[in-house]
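Asks: My file is my_file.txt. It has compact mmCIF, C-alpha atoms and all ligand atoms:
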```txt
# COMPACT_ATOMS: atom_id res chain seq x y z
CA MET A 100 -13.64 -25.99 -6.06
CA PRO A 101 -14.40 -22.28 -5.79
CA SER A 102 -17.29 -22.68 -3.32
CA ALA A 103 -15.35 -24.73 -0.75
CA PRO A 104 -13.95 -22.88 2.26
CA ALA A 105 -10.25 -22.04 2.29
CA VAL A 106 -9.69 -24.33 5.27
CA SER A 107 -11.82 -26.95 6.89
CA LEU A 108 -10.41 -29.22 9.60
CA ALA A 109 -12.22 -31.78 11.73
CA GLY A 110 -10.68 -33.45 14.77
CA VAL A 111 -7.14 -32.89 13.56
CA THR A 112 -4.41 -34.15 15.87
CA ARG A 113 -0.73 -34.12 14.97
CA LEU A 114 1.62 -36.08 17.18
CA PHE A 115 5.40 -35.81 17.27
CA GLY A 116 6.23 -38.96 19.18
CA PRO A 117 3.93 -38.77 22.21
CA VAL A 118 3.64 -34.95 22.01
CA PRO A 119 0.40 -33.61 20.51
CA ALA A 120 1.50 -30.47 18.64
CA LEU A 121 -2.15 -30.11 17.56
CA LEU A 122 -5.02 -31.63 19.50
CA ARG A 123 -8.47 -32.32 18.01
CA VAL A 124 -8.51 -29.09 16.03
CA GLY A 125 -11.73 -28.18 14.28
CA LEU A 126 -11.42 -25.08 12.15
CA ARG A 127 -13.10 -23.36 9.25
CA ILE A 128 -11.63 -20.38 7.43
CA GLU A 129 -13.63 -18.74 4.66
CA ARG A 130 -12.10 -17.63 1.39
CA GLY A 131 -10.76 -14.11 1.55
CA GLU A 132 -10.37 -14.12 5.33
CA PHE A 133 -7.28 -12.76 7.04
CA VAL A 134 -6.65 -14.85 10.16
CA LEU A 135 -4.00 -14.07 12.74
CA LEU A 136 -2.56 -16.94 14.79
CA ARG A 137 -1.41 -16.13 18.29
CA GLY A 138 -0.09 -18.25 21.11
CA PRO A 139 3.00 -18.89 23.19
CA ASN A 140 6.07 -20.76 21.98
CA GLY A 141 5.27 -24.38 21.31
CA ALA A 142 1.50 -23.75 21.04
CA GLY A 143 1.31 -25.37 17.60
CA LYS A 144 1.21 -22.36 15.26
CA SER A 145 3.98 -23.56 12.96
CA THR A 146 2.59 -27.07 13.01
CA LEU A 147 -0.84 -25.80 11.94
CA LEU A 148 0.61 -23.73 9.09
CA ARG A 149 2.83 -26.59 7.91
CA LEU A 150 -0.14 -28.94 8.02
CA LEU A 151 -2.24 -26.55 5.92
CA GLY A 152 0.64 -26.28 3.44
CA THR A 153 0.86 -30.11 3.35
CA ALA A 154 4.46 -30.14 4.59
CA ILE A 155 3.18 -32.56 7.25
CA SER A 156 0.06 -34.72 7.54
CA PRO A 157 -2.44 -35.11 10.36
CA THR A 158 -1.91 -38.13 12.60
CA PHE A 159 -5.68 -38.28 13.18
CA GLY A 160 -8.60 -36.35 11.76
CA THR A 161 -9.45 -35.04 8.35
CA GLY A 162 -9.22 -31.78 6.51
CA ALA A 163 -9.38 -29.92 3.24
CA VAL A 164 -7.66 -26.83 1.91
CA LEU A 165 -9.40 -24.94 -0.90
CA GLY A 166 -11.63 -27.98 -1.27
CA PHE A 167 -8.79 -30.47 -1.69
CA ASP A 168 -8.10 -33.29 0.75
CA LEU A 169 -5.09 -32.64 2.97
CA VAL A 170 -3.64 -36.08 2.46
CA ARG A 171 -4.90 -37.37 -0.88
CA GLU A 172 -4.69 -34.15 -2.89
CA ARG A 173 -1.49 -32.56 -1.68
CA SER A 174 -0.22 -31.52 -5.08
CA ALA A 175 -3.43 -29.61 -5.84
CA ILE A 176 -3.05 -27.81 -2.51
CA ARG A 177 0.64 -27.06 -3.08
CA ALA A 178 -0.17 -25.59 -6.48
CA ARG A 179 -2.47 -23.05 -4.80
CA THR A 180 -0.72 -22.24 -1.52
CA GLU A 181 2.60 -20.77 -0.47
CA LEU A 182 4.09 -21.47 2.93
CA LEU A 183 6.55 -18.83 4.07
CA GLY A 184 8.24 -20.63 6.92
CA HIS A 185 11.27 -20.29 9.14
CA ARG A 186 13.55 -21.45 6.36
CA ALA A 187 13.13 -19.68 3.06
CA ARG A 188 13.57 -22.83 0.86
CA LEU A 189 15.77 -21.15 -1.73
CA TYR A 190 18.28 -22.65 -4.14
CA ASP A 191 21.68 -21.38 -3.00
CA GLU A 192 23.45 -22.07 -6.29
CA LEU A 193 20.95 -20.07 -8.34
CA THR A 194 20.73 -16.30 -8.53
CA ALA A 195 17.77 -14.43 -7.05
CA GLU A 196 16.18 -14.09 -10.47
CA GLU A 197 16.85 -17.73 -11.40
CA ASN A 198 15.16 -18.81 -8.15
CA LEU A 199 12.00 -16.98 -9.15
CA ARG A 200 12.09 -18.22 -12.74
CA PHE A 201 12.51 -21.76 -11.47
CA VAL A 202 9.46 -21.37 -9.23
CA CYS A 203 7.47 -20.16 -12.24
CA ARG A 204 8.53 -23.21 -14.28
CA LEU A 205 7.76 -25.53 -11.39
CA HIS A 206 4.22 -24.18 -11.04
CA GLY A 207 3.59 -23.55 -14.71
CA ILE A 208 3.01 -19.84 -14.20
CA SER A 209 4.14 -16.85 -16.23
CA ALA A 210 7.51 -15.31 -15.39
CA ALA A 211 6.33 -11.96 -16.74
CA ASN A 212 6.38 -10.23 -13.35
CA VAL A 213 9.67 -11.65 -12.00
CA THR A 214 11.53 -8.38 -12.61
CA ALA A 215 8.74 -6.30 -11.09
CA ALA A 216 8.62 -8.58 -8.03
CA LEU A 217 12.39 -8.24 -7.48
CA ASP A 218 12.01 -4.52 -7.83
CA GLN A 219 9.12 -4.46 -5.34
CA VAL A 220 11.24 -6.14 -2.65
CA GLY A 221 14.25 -3.92 -3.34
CA MET A 222 16.34 -6.60 -5.05
CA ALA A 223 16.63 -5.19 -8.56
CA ARG A 224 20.36 -4.68 -8.15
CA THR A 225 21.04 -8.07 -6.56
CA ALA A 226 18.88 -10.03 -9.03
CA SER A 227 21.92 -11.63 -10.70
CA GLU A 228 23.73 -12.56 -7.50
CA ARG A 229 23.78 -16.10 -6.19
CA VAL A 230 21.62 -16.67 -3.12
CA HIS A 231 24.55 -18.47 -1.48
CA GLY A 232 25.99 -15.19 -0.14
CA PHE A 233 22.67 -13.64 0.90
CA SER A 234 22.00 -12.46 4.47
CA PRO A 235 18.88 -13.75 6.27
CA GLY A 236 17.19 -10.42 5.48
CA MET A 237 17.89 -10.75 1.75
CA ARG A 238 16.66 -14.32 1.77
CA GLN A 239 13.45 -13.19 3.39
CA ARG A 240 13.00 -10.48 0.76
CA LEU A 241 13.49 -13.03 -1.99
CA ALA A 242 10.95 -15.31 -0.33
CA LEU A 243 8.56 -12.34 -0.33
CA ALA A 244 9.23 -11.82 -4.05
CA ARG A 245 8.31 -15.47 -4.56
CA LEU A 246 4.98 -14.80 -2.85
CA VAL A 247 4.38 -11.86 -5.18
CA VAL A 248 5.24 -13.90 -8.28
CA ARG A 249 3.12 -16.85 -7.26
CA ALA A 250 0.11 -14.88 -5.96
CA PRO A 251 -1.22 -18.05 -4.29
CA GLU A 252 -4.88 -18.47 -3.34
CA LEU A 253 -3.83 -19.17 0.26
CA LEU A 254 -0.85 -17.46 1.95
CA LEU A 255 0.54 -19.25 5.00
CA LEU A 256 2.93 -16.89 6.74
CA ASP A 257 4.92 -18.16 9.71
CA GLU A 258 6.64 -15.32 11.57
CA PRO A 259 7.02 -13.35 8.33
CA PHE A 260 8.48 -10.33 10.18
CA ALA A 261 11.41 -12.33 11.54
CA ALA A 262 14.67 -11.38 9.80
CA CYS A 263 12.95 -8.28 8.40
CA ASP A 264 14.14 -4.71 8.79
CA GLN A 265 11.47 -2.00 9.10
CA GLU A 266 11.21 -1.61 5.33
CA ALA A 267 10.79 -5.34 4.78
CA LYS A 268 8.14 -5.49 7.52
CA GLN A 269 6.22 -2.90 5.56
CA LEU A 270 6.66 -5.06 2.45
CA VAL A 271 5.07 -7.99 4.26
CA GLU A 272 2.09 -5.82 5.16
CA ASP A 273 1.82 -4.53 1.60
CA ILE A 274 1.81 -8.07 0.25
CA VAL A 275 -0.86 -9.10 2.76
CA GLY A 276 -2.88 -6.01 1.80
CA GLU A 277 -2.61 -6.79 -1.91
CA ALA A 278 -3.62 -10.40 -1.31
CA ARG A 279 -6.68 -9.29 0.63
CA LEU A 280 -7.71 -6.84 -2.04
CA ALA A 281 -7.49 -9.66 -4.55
CA GLY A 282 -9.77 -11.79 -2.35
CA ARG A 283 -7.09 -14.28 -1.39
CA THR A 284 -6.90 -15.93 2.04
CA VAL A 285 -4.11 -15.16 4.52
CA VAL A 286 -3.19 -17.06 7.69
CA LEU A 287 -0.37 -15.37 9.57
CA ALA A 288 1.42 -16.33 12.80
CA THR A 289 3.49 -13.69 14.53
CA HIS A 290 4.83 -12.70 17.93
CA ASP A 291 5.32 -9.18 16.67
CA SER A 292 2.57 -7.15 18.31
CA GLU A 293 4.00 -3.86 17.06
CA ARG A 294 2.65 -4.27 13.55
CA PRO A 295 -0.70 -2.62 12.80
CA LEU A 296 -2.38 -5.75 11.48
CA LEU A 297 -6.15 -5.72 11.08
CA PRO A 298 -7.19 -9.32 10.75
CA ASP A 299 -10.77 -10.50 10.39
CA ARG A 300 -10.18 -13.02 13.15
CA VAL A 301 -7.65 -13.97 15.77
CA LEU A 302 -7.16 -17.63 16.61
CA ARG A 303 -5.31 -18.29 19.79
CA LEU A 304 -3.50 -21.58 20.11
CA ALA A 305 -2.60 -23.08 23.47
CA ALA A 306 -1.04 -26.51 23.82
CA GLY A 307 -2.26 -27.54 20.39
CA SER A 308 -5.86 -26.43 20.83
CA VAL A 309 -7.50 -23.55 18.97
CA ASN A 310 -9.58 -20.86 20.60
CA GLU A 311 -11.19 -18.08 18.71
CA ALA A 312 -10.09 -14.95 20.55
CA ALA A 313 -11.93 -12.22 18.72
CA ARG A 314 -13.80 -11.30 15.63
CA MET A 315 -12.65 -7.73 15.85
CA PRO A 316 -9.54 -5.91 14.68
CA VAL A 317 -6.66 -6.53 17.04
CA THR A 318 -4.86 -3.93 19.04
CA ALA A 319 -1.86 -4.44 21.28
CA SER A 320 -4.10 -4.19 24.35
CA THR A 321 -6.70 -6.77 23.27
CA GLU A 322 -4.71 -9.41 21.48
CA GLU A 323 -3.22 -11.30 24.42
CA ARG A 324 -6.41 -11.61 26.45
N1 LIG B 1 9.48 -31.82 13.87
C1 LIG B 1 9.17 -31.90 15.17
N2 LIG B 1 9.62 -32.94 15.92
C2 LIG B 1 9.28 -33.04 17.22
N3 LIG B 1 8.50 -32.16 17.87
C3 LIG B 1 8.03 -31.13 17.18
C4 LIG B 1 8.33 -30.93 15.79
N4 LIG B 1 7.71 -29.80 15.35
C5 LIG B 1 7.06 -29.31 16.44
N5 LIG B 1 7.24 -30.09 17.51
C6 LIG B 1 6.66 -29.87 18.84
O1 LIG B 1 5.29 -29.55 18.67
C7 LIG B 1 4.89 -28.51 19.55
C8 LIG B 1 4.35 -27.33 18.75
O2 LIG B 1 5.42 -26.72 18.04
P1 LIG B 1 5.21 -25.53 17.01
O3 LIG B 1 6.54 -25.25 16.40
O4 LIG B 1 4.10 -25.82 16.10
O5 LIG B 1 4.79 -24.33 17.98
P2 LIG B 1 4.72 -22.77 17.68
O6 LIG B 1 3.45 -22.29 18.29
O7 LIG B 1 4.92 -22.51 16.24
O8 LIG B 1 5.95 -22.23 18.50
P3 LIG B 1 6.93 -20.98 18.17
O9 LIG B 1 6.14 -19.76 18.47
O10 LIG B 1 8.06 -21.21 19.13
O11 LIG B 1 7.35 -21.10 16.74
C9 LIG B 1 6.10 -28.19 20.40
O12 LIG B 1 6.03 -28.96 21.58
C10 LIG B 1 7.26 -28.64 19.53
O13 LIG B 1 8.38 -29.00 20.31
```
So, in terms of structure tokens, how does the structure I just supplied come out?
Ligand SMILES: Nc1ncnc2c1ncn2[C@@H]1O[C@H](COP(=O)(O)OP(=O)(O)OP(=O)(O)O)[C@@H](O)[C@H]1O

Replies:
Amino acid sequence: MPSAPAVSLAGVTRLFGPVPALLRVGLRIERGEFVLLRGPNGAGKSTLLRLLGTAISPTFGTGAVLGFDLVRERSAIRARTELLGHRARLYDELTAEENLRFVCRLHGISAANVTAALDQVGMARTASERVHGFSPGMRQRLALARLVVRAPELLLLDEPFAACDQEAKQLVEDIVGEARLAGRTVVLATHDSERPLLPDRVLRLAAGSVNEAARMPVTASTEER
């Protein structure tokens, strides 16, 4: 559904036991937008990203991602989104390259740019090593290579700078930049206010509720208002 917005939520609440991690969230994100999620620990940022990636479902409310229903059409959403979360979801027993090839098979996409993606994230020389022995930083780089290979319509990035050295942080920004140029949608949550991100919008979460903070580029002095 090319004309549908990237995200459309109405009255979405997500409970964990009695705790509302998200509370009556209404949200619309247009295709091609770059949205930055801000908010203190426990505000609901990860929950929102996981919900958009269909890792969890709403307790109440309805929503669609890329025109597909959040509950009934999860596989269509998963085919078009990539959630880069706190855990990199890699197969420890496979090599870096095998991990990427497996992802390609899983999603029915070409493996033609696997080598280039490994090269882009600085893993050309570790491509044949098993992920088992990888440091958190290497795992994050491989997860970034997976984003490059998949080129999803919607990128859901949860603290993507965590576990990154300066070079890998730059890689994250490059990947976001490339996605934007290609007209894809990016939703990114980060505490890292050092990075020169220029989102279209900032959404501030507080206790599970969303507030739109600004429609302007963010700077360190304006973002926490
Ligand atoms: N799987 C879970 N089980 C129980 N409670 C959860 C679960 N996931 C999140 N929560 C609770 O939901 C609320 C929102 O958590 P969430 O991780 O979405 O916040 P966050 O804004 O991403 O925080 P942080 O910046 O620390 O990552 C918190 O109160 C958290 O304890």

Asks: Excluding same-chain residues fewer than 6 positions from A:Thr158, what lies within 8 Å of it counting all atoms listed in the file, as a ChimeraX atom specification?

Replies: /A:111-114

Asks: Have a look at A:Arg300, A:Arg179, A:His206, A:Arg149 and name the one nearest to ligand LIG 1 (chain B); count all atoms listed in the file.

Replies: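 Checking each candidate against ligand LIG 1 (chain B), we get A:Arg149 as the closest.
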
Asks: Output as AutoDock Vina command-line options the centre and edge lengths (Å, one decimal) of the box along x, y and z of the file that holds every listed atom of ligand LIG 1 (chain B) after adding 5 Å on each side.

Replies:
```
--center_x 6.5 --center_y -26.4 --center_z 17.7 --size_x 16.2 --size_y 23.3 --size_z 17.7
```

Asks: Write out, as a Markdown table, each residue of chain A that has an atom at most 6 Å from ligand LIG 1 (chain B), together with the closest pair of atoms and their distance in Å to one decimal, counting only C-alpha atoms and all ligand atoms, rows going by chain and rising number.

Replies:
```
| residue | atom | partner | partner_atom | distance |
| --- | --- | --- | --- | --- |
| A:Phe115 | CA | B:LIG1 | C2 | 4.8 |
| A:Ala120 | CA | B:LIG1 | O1 | 3.9 |
| A:Pro139 | CA | B:LIG1 | O9 | 5.7 |
| A:Asn140 | CA | B:LIG1 | O10 | 3.5 |
| A:Gly141 | CA | B:LIG1 | O5 | 3.4 |
| A:Ala142 | CA | B:LIG1 | O6 | 3.7 |
| A:Gly143 | CA | B:LIG1 | O4 | 3.2 |
| A:Lys144 | CA | B:LIG1 | O6 | 3.8 |
| A:Ser145 | CA | B:LIG1 | O7 | 3.6 |
| A:Thr146 | CA | B:LIG1 | O4 | 3.7 |
```

Asks: With a distance cut-off of 9 Å and all atoms listed in the file, select the neighbouring residues of stretch 263-274 of chain A, excluding the residue or stretch itself and same-chain residues fewer than 2 positions from it, and output the selection as JSON, numbers by chain.

Replies: {"A": [219, 220, 221, 235, 236, 237, 239, 240, 243, 246, 247, 259, 260, 261, 276, 277, 278, 279, 294, 295, 296]}

Asks: Calculate how many Å separate atom CA of A:Thr194 from atom CA of A:Ala226, rounding to one decimal.

Replies: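 So the answer is 6.6 Å.
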
Asks: Write out as a PyMOL selection string which residues come within 12 Å of A:Ala215 when counting all atoms listed in the file, dropping same-chain ones fewer than 2 positions away.

Replies: chain A and resi 196+199+210-213+217-223+226+244-245+247-248

Asks: Between atom CA of A:Arg283 and atom CA of A:Arg130, what is the distance, to one decimal in Å?

Replies: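 Interatomic distance, atom CA of A:Arg283 to atom CA of A:Arg130: 6.6 Å.
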
Asks: Can you tell me which residues surround A:Leu205 at a distance of at most 12 Å, considering only C-alpha atoms, apart from same-chain residues fewer than 4 positions away, and format the answer as a list in words?

Replies: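 The filter keeps Ser174, Arg177, Ala178, Glu197, Asn198, Leu199, Arg200, Phe201, Ser209, Ala210 and Arg249 of chain A.
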
Asks: What's the separation between atom CA of A:Arg123 and atom CA of A:Ser102, in Å to one decimal place?

Replies: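 Computing the Euclidean distance for atom CA of A:Arg123 and atom CA of A:Ser102 yields 25.0 Å.
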
Asks: Using only C-alpha atoms for the distances, tell me which of A:Gly116, A:Arg229, A:Glu258, A:Leu122 is nearest to A:Val309.

Replies: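 Result for the nearest residue to A:Val309: A:Leu122.
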
Asks: Would you pick out the contacts of A:Phe133 at 9 Å or less, using all atoms listed in the file, so that residues sharing its chain but fewer than 6 positions from it are not included, and give the list as a list of chain:residue names?

Replies: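 Those residues are A:Val275, A:Arg279, A:Arg283, A:Thr284, A:Val285, A:Val286, A:Leu287, A:Leu297, A:Pro298, A:Asp299, A:Arg300, A:Val301.
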
Asks: Could you build a table of the residues in stretch 215-254 of chain A lying no more than 12 Å from stretch 152-157 of chain A, giving for each the nearest pair of atoms and their separation in Å rounded to one decimal place, using only C-alpha atoms, ordered by chain and ascending residue number, as a tab-separated table?

Replies:
```
residue	atom	partner	partner_atom	distance
A:Pro251	CA	A:Gly152	CA	11.4
A:Glu252	CA	A:Gly152	CA	11.7
A:Leu253	CA	A:Gly152	CA	9.0
A:Leu254	CA	A:Gly152	CA	9.1
```

Asks: Any chance you could export the current selection's C-alpha atoms as a short mmCIF file (atom, residue, chain, number, x, y, z; two decimals), in the frame of the given file?

Replies:
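The file below, again.cif, is the result:
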```cif
data_model
loop_
_atom_site.label_atom_id
_atom_site.label_comp_id
_atom_site.auth_asym_id
_atom_site.auth_seq_id
_atom_site.Cartn_x
_atom_site.Cartn_y
_atom_site.Cartn_z
CA PRO A 251 -1.22 -18.05 -4.29
CA GLU A 252 -4.88 -18.47 -3.34
CA LEU A 253 -3.83 -19.17 0.26
CA LEU A 254 -0.85 -17.46 1.95
#
```

Asks: Counting all atoms listed in the file, note down every residue that has an atom within 8 Å of the point (-10.2, -29.3, 5.5) (file coordinates), as JSON, numbers by chain.

Replies: {"A": [105, 106, 107, 108, 109, 126, 127, 161, 162, 163, 164, 165, 166, 167, 168, 169]}

Asks: With distances taken over all atoms listed in the file, which residue among A:Ala262, A:Phe159, A:Leu255, A:Gly282 lies nearest A:Val134?

Replies: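 Of A:Ala262, A:Phe159, A:Leu255, A:Gly282, the one nearest A:Val134 is A:Leu255, counting all atoms listed in the file.
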